[in-house]
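Below: work.cif (mmCIF, C-alpha atoms)
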```cif
data_run
loop_
_atom_site.group_PDB
_atom_site.id
_atom_site.type_symbol
_atom_site.label_atom_id
_atom_site.label_comp_id
_atom_site.auth_asym_id
_atom_site.auth_seq_id
_atom_site.Cartn_x
_atom_site.Cartn_y
_atom_site.Cartn_z
ATOM 1 C CA MET A 1 -22.420 -15.057 16.739
ATOM 2 C CA GLN A 2 -22.655 -11.948 14.541
ATOM 3 C CA ARG A 3 -23.891 -9.944 17.495
ATOM 4 C CA ARG A 4 -20.909 -11.076 19.563
ATOM 5 C CA LEU A 5 -18.380 -10.273 16.853
ATOM 6 C CA ARG A 6 -19.751 -6.791 16.389
ATOM 7 C CA ARG A 7 -18.721 -6.077 19.972
ATOM 8 C CA LEU A 8 -15.211 -7.201 19.151
ATOM 9 C CA ARG A 9 -14.299 -4.789 16.424
ATOM 10 C CA PRO A 10 -10.955 -2.951 16.714
ATOM 11 C CA LYS A 11 -10.049 0.485 17.986
ATOM 12 C CA LEU A 12 -7.982 1.748 15.079
ATOM 13 C CA ARG A 13 -7.567 5.003 13.274
ATOM 14 C CA GLN A 14 -8.922 4.072 9.841
ATOM 15 C CA THR A 15 -11.016 5.652 7.122
ATOM 16 C CA PRO A 16 -13.156 3.163 5.168
ATOM 17 C CA CYS A 17 -14.427 4.358 1.810
ATOM 18 C CA ASN A 18 -17.489 6.627 1.788
ATOM 19 C CA THR A 19 -17.427 7.039 5.567
ATOM 20 C CA SER A 20 -16.694 10.309 7.359
ATOM 21 C CA PRO A 21 -13.802 10.491 9.850
ATOM 22 C CA GLU A 22 -16.224 11.602 12.570
ATOM 23 C CA LEU A 23 -18.289 8.433 12.243
ATOM 24 C CA ILE A 24 -15.149 6.310 12.265
ATOM 25 C CA VAL A 25 -13.906 7.836 15.502
ATOM 26 C CA ARG A 26 -17.260 7.144 17.149
ATOM 27 C CA ALA A 27 -17.610 3.639 15.795
ATOM 28 C CA PHE A 28 -14.106 2.503 16.700
ATOM 29 C CA THR A 29 -14.377 3.686 20.286
ATOM 30 C CA ALA A 30 -16.363 0.552 21.140
ATOM 31 C CA LEU A 31 -14.181 -1.894 19.221
ATOM 32 C CA ARG A 32 -12.127 -4.454 21.091
ATOM 33 C CA SER A 33 -11.005 -7.567 19.252
ATOM 34 C CA VAL A 34 -9.398 -6.719 15.945
ATOM 35 C CA VAL A 35 -8.686 -10.267 14.975
ATOM 36 C CA ALA A 36 -12.303 -11.336 15.373
ATOM 37 C CA PHE A 37 -13.405 -8.426 13.214
ATOM 38 C CA CYS A 38 -10.930 -9.355 10.475
ATOM 39 C CA ILE A 39 -12.270 -12.882 10.337
ATOM 40 C CA TRP A 40 -15.888 -11.718 10.508
ATOM 41 C CA ARG A 41 -15.502 -9.039 7.838
ATOM 42 C CA PHE A 42 -13.236 -10.746 5.339
ATOM 43 C CA GLY A 43 -13.093 -14.414 6.204
ATOM 44 C CA LEU A 44 -9.275 -14.262 6.143
ATOM 45 C CA ARG A 45 -7.489 -17.491 5.453
ATOM 46 C CA CYS A 46 -4.924 -18.361 8.119
ATOM 47 C CA SER A 47 -1.689 -20.318 8.081
ATOM 48 C CA GLY A 48 -1.002 -21.271 11.706
ATOM 49 C CA LEU A 49 1.880 -23.705 11.137
ATOM 50 C CA ALA A 50 4.210 -21.080 9.771
ATOM 51 C CA ALA A 51 2.757 -18.632 12.252
ATOM 52 C CA ALA A 52 3.032 -16.166 9.486
ATOM 53 C CA GLY A 53 -0.095 -14.309 8.172
ATOM 54 C CA ALA A 54 -1.644 -11.079 7.053
ATOM 55 C CA LEU A 55 -2.308 -8.375 9.561
ATOM 56 C CA GLY A 56 -3.454 -5.254 7.724
ATOM 57 C CA LEU A 57 -2.687 -4.238 11.304
ATOM 58 C CA PHE A 58 -5.291 -6.582 12.754
ATOM 59 C CA ALA A 59 -7.732 -4.527 10.745
ATOM 60 C CA ALA A 60 -10.360 -5.250 8.188
ATOM 61 C CA THR A 61 -9.820 -2.166 6.060
ATOM 62 C CA PRO A 62 -6.634 -0.436 4.882
ATOM 63 C CA VAL A 63 -4.942 2.065 7.177
ATOM 64 C CA PHE A 64 -5.118 5.198 5.084
ATOM 65 C CA ALA A 65 -3.202 7.345 7.578
ATOM 66 C CA SER A 66 0.204 8.184 6.149
ATOM 67 C CA PRO A 67 3.238 6.698 7.953
ATOM 68 C CA GLY A 68 3.972 8.630 11.123
ATOM 69 C CA ASN A 69 0.395 9.313 12.230
ATOM 70 C CA GLY A 70 0.769 7.159 15.305
ATOM 71 C CA ASP A 71 0.584 4.070 13.088
ATOM 72 C CA VAL A 72 3.629 2.354 14.606
ATOM 73 C CA ALA A 73 2.311 2.905 18.119
ATOM 74 C CA GLU A 74 -1.114 1.541 17.134
ATOM 75 C CA PHE A 75 0.506 -1.514 15.587
ATOM 76 C CA ILE A 76 2.400 -2.156 18.828
ATOM 77 C CA VAL A 77 -0.671 -1.597 21.014
ATOM 78 C CA ASN A 78 -2.743 -4.042 18.993
ATOM 79 C CA PHE A 79 -0.037 -6.674 19.225
ATOM 80 C CA VAL A 80 0.338 -6.202 22.964
ATOM 81 C CA ARG A 81 -3.410 -6.801 23.379
ATOM 82 C CA TYR A 82 -2.858 -10.358 22.126
ATOM 83 C CA THR A 83 0.357 -10.996 24.057
ATOM 84 C CA ALA A 84 0.697 -12.562 27.503
ATOM 85 C CA TRP A 85 3.718 -12.579 29.773
ATOM 86 C CA SER A 86 4.265 -14.916 32.732
ATOM 87 C CA PRO A 87 2.386 -13.747 35.847
ATOM 88 C CA ASP A 88 4.407 -11.268 37.882
ATOM 89 C CA SER A 89 3.027 -9.884 41.141
ATOM 90 C CA ALA A 90 5.493 -7.010 40.949
ATOM 91 C CA ARG A 91 4.330 -5.850 37.536
ATOM 92 C CA LYS A 92 2.851 -2.351 37.549
ATOM 93 C CA MET A 93 2.974 -1.515 33.825
ATOM 94 C CA ILE A 94 3.969 -2.724 30.362
ATOM 95 C CA ALA A 95 7.038 -0.827 29.189
ATOM 96 C CA VAL A 96 7.337 -0.260 25.441
ATOM 97 C CA CYS A 97 10.858 0.735 24.388
ATOM 98 C CA TYR A 98 11.761 1.892 20.899
ATOM 99 C CA ALA A 99 14.983 2.722 19.067
ATOM 100 C CA HIS A 100 15.774 4.176 15.654
ATOM 101 C CA GLY A 101 18.532 5.885 13.718
ATOM 102 C CA GLY A 102 16.686 9.144 13.124
ATOM 103 C CA ALA A 103 14.179 8.102 10.466
ATOM 104 C CA LEU A 104 11.264 7.405 12.810
ATOM 105 C CA PRO A 105 9.145 10.559 13.136
ATOM 106 C CA THR A 106 7.927 11.463 16.604
ATOM 107 C CA SER A 107 4.357 11.283 15.348
ATOM 108 C CA ALA A 108 4.764 7.584 14.519
ATOM 109 C CA MET A 109 4.784 6.812 18.243
ATOM 110 C CA ALA A 110 2.091 9.332 19.158
ATOM 111 C CA ILE A 111 -0.847 8.065 21.209
ATOM 112 C CA GLU A 112 -3.772 10.442 21.684
ATOM 113 C CA GLN A 113 -4.668 9.157 25.133
ATOM 114 C CA PRO A 114 -3.196 6.769 27.737
ATOM 115 C CA VAL A 115 -3.603 3.075 26.908
ATOM 116 C CA THR A 116 -4.260 0.309 29.434
ATOM 117 C CA VAL A 117 -3.929 -3.347 28.430
ATOM 118 C CA LYS A 118 -5.085 -6.150 30.718
ATOM 119 C CA GLY A 119 -5.139 -3.734 33.632
ATOM 120 C CA TYR A 120 -1.607 -2.392 33.039
ATOM 121 C CA PRO A 121 -0.833 1.063 31.651
ATOM 122 C CA LEU A 122 1.505 1.168 28.658
ATOM 123 C CA THR A 123 4.521 3.424 29.072
ATOM 124 C CA TRP A 124 6.685 4.543 26.159
ATOM 125 C CA ARG A 125 10.457 4.944 26.426
ATOM 126 C CA PRO A 126 12.889 5.947 23.666
ATOM 127 C CA ILE A 127 16.306 4.293 23.969
ATOM 128 C CA SER A 128 19.485 4.535 21.916
ATOM 129 C CA LEU A 129 21.773 1.720 23.097
ATOM 130 C CA PRO A 130 21.356 -2.008 23.824
ATOM 131 C CA ASN A 131 22.561 -1.480 27.397
ATOM 132 C CA GLN A 132 19.395 0.575 28.085
ATOM 133 C CA LEU A 133 17.050 -2.387 27.623
ATOM 134 C CA ALA A 134 16.578 -3.206 31.289
ATOM 135 C CA GLY A 135 12.901 -3.057 32.226
ATOM 136 C CA CYS A 136 11.572 -3.246 28.647
ATOM 137 C CA ASP A 137 8.636 -5.598 28.023
ATOM 138 C CA VAL A 138 8.263 -4.655 24.355
ATOM 139 C CA LEU A 139 11.000 -3.480 21.992
ATOM 140 C CA TRP A 140 10.428 -1.800 18.618
ATOM 141 C CA LEU A 141 13.569 -1.567 16.468
ATOM 142 C CA ASN A 142 13.038 0.694 13.481
ATOM 143 C CA ALA A 143 14.551 -0.393 10.169
ATOM 144 C CA ASP A 144 17.289 2.251 10.383
ATOM 145 C CA VAL A 145 18.398 1.365 13.930
ATOM 146 C CA ARG A 146 22.109 1.215 14.750
ATOM 147 C CA PRO A 147 23.693 -1.049 15.792
ATOM 148 C CA ALA A 148 21.879 -3.673 13.710
ATOM 149 C CA PRO A 149 19.026 -5.583 15.411
ATOM 150 C CA ARG A 150 21.163 -8.690 15.950
ATOM 151 C CA GLU A 151 23.193 -6.866 18.606
ATOM 152 C CA TRP A 152 20.049 -5.643 20.365
ATOM 153 C CA LEU A 153 18.614 -9.149 20.340
ATOM 154 C CA SER A 154 21.822 -10.542 21.861
ATOM 155 C CA ALA A 155 21.397 -8.155 24.792
ATOM 156 C CA ILE A 156 17.997 -9.632 25.669
ATOM 157 C CA SER A 157 18.561 -13.226 24.610
ATOM 158 C CA ASP A 158 15.940 -15.516 26.192
ATOM 159 C CA LYS A 159 14.434 -12.637 28.201
ATOM 160 C CA PRO A 160 10.632 -12.120 28.143
ATOM 161 C CA VAL A 161 10.724 -9.169 25.749
ATOM 162 C CA LEU A 162 8.365 -8.948 22.773
ATOM 163 C CA THR A 163 10.674 -7.803 19.962
ATOM 164 C CA ILE A 164 9.137 -6.145 16.881
ATOM 165 C CA SER A 165 10.865 -4.583 13.888
ATOM 166 C CA ASN A 166 10.375 -3.621 10.252
ATOM 167 C CA TYR A 167 14.025 -4.433 9.614
ATOM 168 C CA ALA A 168 14.417 -6.869 6.703
ATOM 169 C CA ASP A 169 15.040 -10.471 7.859
ATOM 170 C CA PHE A 170 14.379 -9.518 11.478
ATOM 171 C CA THR A 171 12.831 -12.884 12.318
ATOM 172 C CA ALA A 172 15.704 -14.696 10.603
ATOM 173 C CA ASP A 173 18.061 -12.859 12.974
ATOM 174 C CA GLY A 174 16.089 -14.114 15.994
ATOM 175 C CA GLY A 175 13.446 -11.405 16.412
ATOM 176 C CA ILE A 176 9.897 -12.390 17.325
ATOM 177 C CA VAL A 177 7.709 -10.197 15.103
ATOM 178 C CA GLY A 178 8.794 -8.997 11.679
ATOM 179 C CA ALA A 179 6.559 -6.121 10.571
ATOM 180 C CA TYR A 180 6.282 -4.867 7.017
ATOM 181 C CA ARG A 181 3.974 -2.828 4.833
ATOM 182 C CA LEU A 182 1.931 -3.989 1.875
ATOM 183 C CA GLY A 183 0.636 -0.819 0.327
ATOM 184 C CA ASN A 184 -0.819 1.167 3.210
ATOM 185 C CA ASP A 185 -1.390 -1.883 5.386
ATOM 186 C CA TRP A 186 0.786 -3.290 8.155
ATOM 187 C CA ARG A 187 1.478 -7.018 7.940
ATOM 188 C CA PHE A 188 3.650 -9.305 10.027
ATOM 189 C CA GLU A 189 5.332 -12.676 10.450
ATOM 190 C CA VAL A 190 6.163 -14.438 13.732
ATOM 191 C CA ASN A 191 9.232 -16.486 14.647
ATOM 192 C CA LEU A 192 7.770 -19.235 16.842
ATOM 193 C CA GLU A 193 11.139 -20.445 18.104
ATOM 194 C CA ALA A 194 12.069 -16.948 19.279
ATOM 195 C CA LEU A 195 8.637 -16.615 20.881
ATOM 196 C CA GLN A 196 9.151 -19.829 22.838
ATOM 197 C CA ARG A 197 12.656 -18.820 23.940
ATOM 198 C CA ALA A 198 11.268 -15.571 25.311
ATOM 199 C CA ARG A 199 8.563 -17.483 27.228
ATOM 200 C CA ILE A 200 5.874 -15.186 25.845
ATOM 201 C CA ASN A 201 2.477 -16.220 24.491
ATOM 202 C CA ILE A 202 0.715 -14.649 21.519
ATOM 203 C CA ALA A 203 -2.940 -15.587 21.086
ATOM 204 C CA ALA A 204 -3.511 -18.265 18.466
ATOM 205 C CA ALA A 205 -6.089 -16.061 16.737
ATOM 206 C CA ALA A 206 -3.380 -13.466 16.090
ATOM 207 C CA LEU A 207 -0.804 -16.058 15.007
ATOM 208 C CA ARG A 208 -3.188 -17.419 12.414
ATOM 209 C CA LEU A 209 -3.290 -13.970 10.787
ATOM 210 C CA SER A 210 0.420 -13.948 10.020
ATOM 211 C CA GLN A 211 2.212 -14.612 6.774
ATOM 212 C CA LYS A 212 5.705 -14.434 5.387
ATOM 213 C CA PRO A 213 6.463 -11.362 3.270
ATOM 214 C CA LYS A 214 7.171 -11.825 -0.415
ATOM 215 C CA PRO A 215 10.853 -11.528 -1.389
ATOM 216 C CA VAL A 216 11.976 -7.901 -1.587
ATOM 217 C CA VAL A 217 12.883 -6.786 -5.086
ATOM 218 C CA ALA A 218 16.248 -5.068 -5.413
ATOM 219 C CA GLY A 219 15.891 -1.397 -4.591
ATOM 220 C CA GLU A 220 12.697 -1.845 -2.552
ATOM 221 C CA THR A 221 12.396 -1.421 1.199
ATOM 222 C CA ARG A 222 10.074 -3.144 3.634
#
```
What does the file become when written as C-alpha coordinates?
Amino acid sequence: MQRRLRRLRPKLRQTPCNTSPELIVRAFTALRSVVAFCIWRFGLRCSGLAAAGALGLFAATPVFASPGNGDVAEFIVNFVRYTAWSPDSARKMIAVCYAHGGALPTSAMAIEQPVTVKGYPLTWRPISLPNQLAGCDVLWLNADVRPAPREWLSAISDKPVLTISNYADFTADGGIVGAYRLGNDWRFEVNLEALQRARINIAAAALRLSQKPKPVVAGETR
(Lines of atoms letter the chains of each structure in order from A and count residues from 1; the text may use other names and numbers.)
(Lines give C-alpha, C1' and ligand atoms only; values in the text may rest on other atoms or scores of the structure.)
Protein backbone atom coordinates (compact mmCIF):
# COMPACT_ATOMS: atom_id res chain seq x y z
CA MET A 1 0.00 0.00 0.00
CA GLN A 2 2.80 2.44 0.86
CA ARG A 3 4.48 1.69 -2.44
CA ARG A 4 1.26 2.46 -4.30
CA LEU A 5 0.66 5.72 -2.46
CA ARG A 6 4.15 6.95 -3.17
CA ARG A 7 3.26 6.87 -6.86
CA LEU A 8 0.26 9.04 -6.15
CA ARG A 9 1.90 12.08 -4.68
CA PRO A 10 0.89 15.50 -6.09
CA LYS A 11 2.48 17.74 -8.68
CA LEU A 12 2.55 21.01 -6.77
CA ARG A 13 4.95 23.86 -6.41
CA GLN A 14 5.87 23.53 -2.73
CA THR A 15 8.94 23.90 -0.56
CA PRO A 16 9.00 21.56 2.46
CA CYS A 17 11.37 22.52 5.25
CA ASN A 18 15.05 21.64 4.82
CA THR A 19 14.56 20.61 1.19
CA SER A 20 16.04 22.44 -1.79
CA PRO A 21 13.73 23.78 -4.52
CA GLU A 22 15.62 21.72 -7.11
CA LEU A 23 14.82 18.46 -5.34
CA ILE A 24 11.19 19.48 -4.97
CA VAL A 25 10.80 20.15 -8.68
CA ARG A 26 12.24 16.73 -9.48
CA ALA A 27 10.25 14.88 -6.86
CA PHE A 28 6.90 16.44 -7.73
CA THR A 29 7.22 15.68 -11.42
CA ALA A 30 6.16 12.09 -10.75
CA LEU A 31 3.33 12.90 -8.36
CA ARG A 32 -0.25 12.22 -9.37
CA SER A 33 -2.86 11.84 -6.66
CA VAL A 34 -2.69 14.67 -4.17
CA VAL A 35 -5.50 13.43 -2.03
CA ALA A 36 -3.90 10.03 -1.51
CA PHE A 37 -0.66 11.71 -0.48
CA CYS A 38 -2.46 13.91 2.05
CA ILE A 39 -4.04 10.90 3.69
CA TRP A 40 -0.80 8.90 3.57
CA ARG A 41 1.37 11.70 4.95
CA PHE A 42 -0.88 13.21 7.58
CA GLY A 43 -3.76 10.85 8.16
CA LEU A 44 -6.21 13.73 7.65
CA ARG A 45 -9.58 13.36 9.27
CA CYS A 46 -12.45 13.78 6.82
CA SER A 47 -16.02 14.98 7.17
CA GLY A 48 -17.87 13.65 4.12
CA LEU A 49 -21.44 14.50 5.18
CA ALA A 50 -20.87 18.22 5.12
CA ALA A 51 -18.64 17.75 2.12
CA ALA A 52 -16.52 20.38 3.68
CA GLY A 53 -12.83 19.66 4.59
CA ALA A 54 -9.27 20.84 4.60
CA LEU A 55 -7.39 21.08 1.37
CA GLY A 56 -4.04 22.73 2.02
CA LEU A 57 -4.53 22.64 -1.75
CA PHE A 58 -4.73 18.85 -1.84
CA ALA A 59 -1.23 19.00 -0.46
CA ALA A 60 0.53 17.55 2.51
CA THR A 61 2.78 20.52 3.22
CA PRO A 62 2.10 24.27 3.22
CA VAL A 63 2.29 26.17 -0.06
CA PHE A 64 5.05 28.63 0.69
CA ALA A 65 4.79 30.42 -2.66
CA SER A 66 3.37 33.89 -2.12
CA PRO A 67 -0.08 34.58 -3.61
CA GLY A 68 0.17 35.15 -7.35
CA ASN A 69 2.85 32.56 -8.14
CA GLY A 70 0.46 30.48 -10.19
CA ASP A 71 -1.18 29.30 -6.97
CA VAL A 72 -4.75 29.97 -8.11
CA ALA A 73 -4.16 28.10 -11.36
CA GLU A 74 -2.63 25.15 -9.49
CA PHE A 75 -5.59 25.07 -7.13
CA ILE A 76 -7.96 24.93 -10.10
CA VAL A 77 -5.92 22.26 -11.91
CA ASN A 78 -5.87 20.02 -8.86
CA PHE A 79 -9.61 20.35 -8.43
CA VAL A 80 -10.27 19.59 -12.08
CA ARG A 81 -8.25 16.37 -11.74
CA TYR A 82 -10.90 15.10 -9.32
CA THR A 83 -13.91 16.38 -11.27
CA ALA A 84 -15.93 14.50 -13.88
CA TRP A 85 -18.42 15.89 -16.35
CA SER A 86 -21.04 13.87 -18.25
CA PRO A 87 -19.55 12.10 -21.29
CA ASP A 88 -19.55 14.32 -24.37
CA SER A 89 -18.28 13.00 -27.69
CA ALA A 90 -17.86 16.56 -28.93
CA ARG A 91 -15.57 17.59 -26.09
CA LYS A 92 -12.09 18.58 -27.23
CA MET A 93 -10.84 20.47 -24.16
CA ILE A 94 -11.69 21.69 -20.66
CA ALA A 95 -12.18 25.45 -20.71
CA VAL A 96 -11.24 27.32 -17.54
CA CYS A 97 -12.70 30.83 -17.42
CA TYR A 98 -11.80 33.40 -14.78
CA ALA A 99 -13.02 36.87 -13.85
CA HIS A 100 -11.85 39.50 -11.38
CA GLY A 101 -12.11 43.19 -10.62
CA GLY A 102 -8.43 43.98 -11.06
CA ALA A 103 -6.96 42.48 -7.90
CA LEU A 104 -5.95 39.13 -9.40
CA PRO A 105 -2.34 39.34 -10.61
CA THR A 106 -1.56 37.77 -13.97
CA SER A 107 0.97 35.51 -12.27
CA ALA A 108 -1.78 33.91 -10.17
CA MET A 109 -3.07 32.17 -13.29
CA ALA A 110 0.36 31.38 -14.72
CA ILE A 111 1.03 27.78 -15.73
CA GLU A 112 4.60 26.89 -16.67
CA GLN A 113 3.62 24.27 -19.23
CA PRO A 114 0.41 23.02 -20.90
CA VAL A 115 -1.78 20.83 -18.69
CA THR A 116 -3.80 17.83 -19.87
CA VAL A 117 -6.43 16.26 -17.60
CA LYS A 118 -8.10 12.96 -18.48
CA GLY A 119 -6.92 13.33 -22.06
CA TYR A 120 -8.22 16.90 -22.50
CA PRO A 121 -6.01 19.99 -22.64
CA LEU A 122 -6.93 22.80 -20.25
CA THR A 123 -7.44 26.18 -21.88
CA TRP A 124 -7.53 29.43 -19.93
CA ARG A 125 -9.84 32.32 -20.83
CA PRO A 126 -10.22 35.64 -19.00
CA ILE A 127 -13.76 37.04 -19.11
CA SER A 128 -15.33 40.21 -17.74
CA LEU A 129 -19.11 39.80 -18.06
CA PRO A 130 -21.62 37.04 -17.26
CA ASN A 131 -22.76 36.97 -20.89
CA GLN A 132 -19.30 35.65 -21.88
CA LEU A 133 -19.73 32.35 -20.02
CA ALA A 134 -20.72 30.24 -23.00
CA GLY A 135 -18.32 27.33 -23.43
CA CYS A 136 -16.85 27.51 -19.90
CA ASP A 137 -16.43 24.20 -18.05
CA VAL A 138 -14.78 25.77 -15.00
CA LEU A 139 -15.33 29.28 -13.64
CA TRP A 140 -13.08 31.04 -11.11
CA LEU A 141 -14.61 34.22 -9.65
CA ASN A 142 -12.05 36.21 -7.70
CA ALA A 143 -13.20 37.83 -4.46
CA ASP A 144 -13.20 41.31 -6.02
CA VAL A 145 -15.28 40.35 -9.08
CA ARG A 146 -18.05 42.67 -10.27
CA PRO A 147 -20.93 42.11 -10.58
CA ALA A 148 -21.17 39.97 -7.43
CA PRO A 149 -20.94 36.18 -7.89
CA ARG A 150 -24.70 35.70 -7.49
CA GLU A 151 -25.29 37.33 -10.88
CA TRP A 152 -22.65 35.15 -12.54
CA LEU A 153 -24.17 32.04 -10.99
CA SER A 154 -27.62 33.02 -12.29
CA ALA A 155 -26.21 33.09 -15.82
CA ILE A 156 -25.15 29.44 -15.61
CA SER A 157 -27.88 28.10 -13.35
CA ASP A 158 -28.05 24.28 -13.58
CA LYS A 159 -25.38 24.19 -16.31
CA PRO A 160 -22.44 21.75 -15.95
CA VAL A 161 -19.93 24.40 -14.89
CA LEU A 162 -17.60 23.86 -11.94
CA THR A 163 -17.78 27.20 -10.10
CA ILE A 164 -14.96 28.14 -7.71
CA SER A 165 -14.42 31.37 -5.79
CA ASN A 166 -12.70 32.86 -2.76
CA TYR A 167 -15.61 35.25 -2.35
CA ALA A 168 -17.03 35.12 1.19
CA ASP A 169 -20.25 33.04 1.41
CA PHE A 170 -19.83 31.85 -2.18
CA THR A 171 -21.35 28.44 -1.46
CA ALA A 172 -24.24 30.06 0.41
CA ASP A 173 -24.99 32.03 -2.77
CA GLY A 174 -25.15 28.79 -4.80
CA GLY A 175 -21.52 28.33 -5.85
CA ILE A 176 -20.01 24.85 -5.85
CA VAL A 177 -16.53 25.33 -4.35
CA GLY A 178 -15.74 28.03 -1.81
CA ALA A 179 -11.96 28.50 -1.59
CA TYR A 180 -10.19 30.28 1.22
CA ARG A 181 -6.75 30.57 2.76
CA LEU A 182 -5.61 29.44 6.18
CA GLY A 183 -2.18 30.92 6.57
CA ASN A 184 -0.35 30.02 3.37
CA ASP A 185 -2.57 27.04 2.61
CA TRP A 186 -5.58 26.82 0.31
CA ARG A 187 -8.66 25.20 1.83
CA PHE A 188 -12.16 24.69 0.50
CA GLU A 189 -15.78 23.77 1.17
CA VAL A 190 -18.24 22.18 -1.28
CA ASN A 191 -21.95 22.88 -1.75
CA LEU A 192 -23.35 19.43 -2.53
CA GLU A 193 -26.73 20.72 -3.67
CA ALA A 194 -25.10 23.05 -6.20
CA LEU A 195 -22.86 20.19 -7.33
CA GLN A 196 -25.88 17.98 -7.97
CA ARG A 197 -27.74 20.73 -9.83
CA ALA A 198 -24.77 21.17 -12.14
CA ARG A 199 -24.68 17.40 -12.81
CA ILE A 200 -20.96 17.29 -12.05
CA ASN A 201 -19.14 14.68 -9.97
CA ILE A 202 -16.25 15.37 -7.61
CA ALA A 203 -14.37 12.32 -6.37
CA ALA A 204 -15.37 11.24 -2.88
CA ALA A 205 -11.73 11.27 -1.79
CA ALA A 206 -11.58 15.00 -2.54
CA LEU A 207 -14.95 15.72 -0.91
CA ARG A 208 -13.80 14.09 2.30
CA LEU A 209 -10.95 16.62 2.49
CA SER A 210 -13.29 19.60 2.69
CA GLN A 211 -14.33 21.65 5.68
CA LYS A 212 -16.29 24.78 6.42
CA PRO A 213 -14.19 27.88 7.09
CA LYS A 214 -14.28 29.42 10.55
CA PRO A 215 -16.35 32.61 10.84
CA VAL A 216 -14.49 35.64 9.50
CA VAL A 217 -13.62 38.18 12.16
CA ALA A 218 -14.60 41.76 11.36
CA GLY A 219 -11.91 43.38 9.26
CA GLU A 220 -10.48 40.08 7.99
CA THR A 221 -10.71 38.80 4.43
CA ARG A 222 -10.85 35.24 3.16
Residues within 8 Å of Leu141 in chain A, please, as a tab-separated table (two decimals) with C-alpha atoms, in the coordinates of the input. Count all atoms listed in the file; anything in the same chain fewer than 5 positions from it doesn't count.
```
chain	number	residue	atom	x	y	z
A	98	TYR	CA	11.76	1.89	20.90
A	99	ALA	CA	14.98	2.72	19.07
A	100	HIS	CA	15.77	4.18	15.65
A	149	PRO	CA	19.03	-5.58	15.41
A	163	THR	CA	10.67	-7.80	19.96
A	164	ILE	CA	9.14	-6.14	16.88
A	165	SER	CA	10.86	-4.58	13.89
A	166	ASN	CA	10.38	-3.62	10.25
A	167	TYR	CA	14.02	-4.43	9.61
```
Restricting the calculation to only C-alpha atoms, which member of A:Asp185, A:Glu74, A:Asp144, A:Asp158 is positioned closest to Ile200 in chain A?
A:Asp158
Convert the output of the PyMOL selection byres ((chain A and resi 116) around 12) on the shown file into explicit residues, formatted as a ChimeraX atom specification.
/A:77-78,80-81,92-95,111,113-115,117-123
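Counting from CA of Ala198 in chain A, the distance to CA of Trp186 in chain A is 23.6 Å.
Between Asp88 in chain A and the residues A:Pro130, A:Pro160, A:Gly70, A:Pro105, the shortest atom-to-atom distance, using all atoms listed in the file, involves A:Pro160.
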Go through A:Asn142, A:Gln132, A:Thr83, A:Thr106 one by one, measure the shortest atom-to-atom distance of each to Ala205 in chain A using only C-alpha atoms, and give the residue with the smallest value.
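Ranked by minimum distance to Ala205 in chain A, first place goes to A:Thr83.
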Between A:Trp152, A:Gly102, A:Val96, A:Pro126, which has the minimum distance to Leu139 in chain A (counting only C-alpha atoms)?
A:Val96
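If you measure from each of A:Asn69, A:Ser86, A:Thr171, A:Ser128 to Ala108 in chain A using all atoms listed in the file, the closest one turns out to be A:Asn69.
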Write out as an MDAnalysis selection string each polymer residue whose atoms come within 7 Å of Ala203 in chain A, counting all atoms listed in the file; drop sequence neighbours fewer than 3 positions from it.
chainID A and resid 82:83 206:207
